[in-house]
Structures are given as C-alpha cells and as structure tokens.
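In what follows, a structure is listed as structure tokens, so that the remarks can point back to it.
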Amino acid sequence: MLVFTRLAELSHAKRQHDGRDRFLLLAGISACRTGCLDVAERCRSIVLGHNASHLIGRYVSLPDALRDPEFQPFVLMLNRFCSFEQGELLVEQNGGMRDAKGQSNLQVVDAALDRMDS
C-alpha cells in the first residue's frame with residue numbers, strides 16, 4: 001500500500017493523472033487486502049474526484065469491485081502495469097521513502113492521500 005501510494009504521489013506531482021489513478025487503485029487494492037478499508041475508499045474517492053467516469057465508479061466500493069468477476073481483468077491489467085516488486089524499485093529510483101521517518105506506514109499513506117486530495 002505504501003509503495004503504490006508513494007508512486008501515486010510522484011505521478012501526481014508530475015501531473016501524470018492516468019498513472020496516478022492506476023497507482024491509487026493499486027494502493028486501494030492493497031489496502032483492501034490488509035483490511036484498511038478507509039484507505040481503499042480514499043483512493044477510490046480521489047480517482048473519482050478527478051475522473052468521475054472511471055470504471056471504479058460503477059461500484060459502491062473498491063471491495064465490491066474486487067468481488068465482481070468482471071472487474072478481475074482490470075485488476076490483472078493493473079498488476080501488469082506495476083507489480084509490487086517493480087513498485088519498490090521505482091520508489092528507490094525516485095528517492096525512496098524520505099518522508100517516512102518516525103511515522104507509521106498508515107500515517108505516511110494518509111498524508112500522501114491528503115496532498116493528492118487537495
């Protein structure tokens with residue numbers, strides 16, 4: 001979740017909105033899998049705030065989308081776009097987790113989402 005959120009933030013700073021949305025959805029999927037449903041909802045909300053017609057808007061929530069077999073090809077496409085391992089490498093190549101010192105992963109994720117949601 002932290003890796004994909006950091007990549008979303010880097011994409012946001014570069015005004016690469018499609019990449020940001022993909023990374024936000026990967027972060028949201030990761031958040032669902034770890035039980036951080038509030039983070040998943042924030043990721044979904046930011047994507048829809050910038051692109052109201054995004055595929056994720058067809059679903060009430062990201063967990064609902066993940067339960068739908070018709071959404072799974074999109075999840076596979078996102079995973080091909082950037083695996084977790086690729087994400088870790090990209091984060092390291094772009095300065096790592098500089099702002100993570102002394103904070104929990106969830107605090108870092110929340111702060112990054114705040115910056116993208118403004």
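Residues in the structure tokens are named by chain (A, B, ... in the order shown) and by number from 1 within that chain; ligands are numbered from 1 in the order shown.
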
* To do: Just list the residues in chain A DSSP gives helix (DSSP H, G or I) on the backbone, as number ranges by chain.
  => A: 2-13, 17-33, 37-50, 55-58, 62-67, 69-81, 84-93, 98-100, 105-116

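For the set A:Leu66, A:Arg20, A:Ala27, A:Gln107, the residue with the smallest atom-to-atom gap to Val3 (chain A) is A:Ala27, counting only C-alpha atoms.
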
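Candidate residues A:Arg44, A:Leu113, A:Gln86, A:Val91 were compared for distance to Arg58 (chain A), and the nearest is A:Arg44, using only C-alpha atoms.
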
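Of the residues listed (A:Ala112, A:Leu7, A:Cys43, A:Leu55), A:Cys43 shows the shortest atom-to-atom separation from Ile29 (chain A); distances use only C-alpha atoms.
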
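Nearest residue to Ala111 (chain A) among A:Gln16, A:Cys32, A:Val39, A:Ala65 is A:Val39, counting only C-alpha atoms.
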
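With only C-alpha atoms as the atoms that count, the residue of A:Pro69, A:Gly57, A:Gly35, A:Gly87 with the shortest distance to Leu106 (chain A) is A:Gly35.
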
* To do: Find the residue from A:Arg22, A:Arg6, A:Arg15, A:Arg42 that sits nearest to Leu78 (chain A); use only C-alpha atoms when measuring.
  => A:Arg22

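Of note, CA of Leu24 (chain A) and CA of Phe4 (chain A) are spaced 6.7 Å apart.
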
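If you count only C-alpha atoms and ignore residues fewer than 5 places along the chain from Met77 (chain A), what sits within 12 Å of it is A:Arg22, A:Phe23, A:Leu25, A:Leu26, A:Phe71, A:Gln72, A:Cys82, A:Ser83.
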
Once you have the residues from the selection above, write them out as a JSON list (two decimals), in the first residue's frame, restricted to C-alpha atoms.
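To be explicit, this is the file written out as out.json:
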```
[["chain", "number", "residue", "atom", "x", "y", "z"],
["A", 22, "ARG", "CA", -3.56, 3.39, -11.57],
["A", 23, "PHE", "CA", -1.21, 3.63, -8.60],
["A", 25, "LEU", "CA", -6.14, 1.85, -7.37],
["A", 26, "LEU", "CA", -3.22, -0.50, -6.72],
["A", 71, "PHE", "CA", -13.58, -6.41, -12.54],
["A", 72, "GLN", "CA", -10.80, -9.01, -12.31],
["A", 82, "CYS", "CA", 3.24, -2.35, -11.99],
["A", 83, "SER", "CA", 3.91, -5.28, -9.71]]
```

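Between CA of Asp117 (chain A) and CA of Leu48 (chain A) there is a distance of 10.8 Å.
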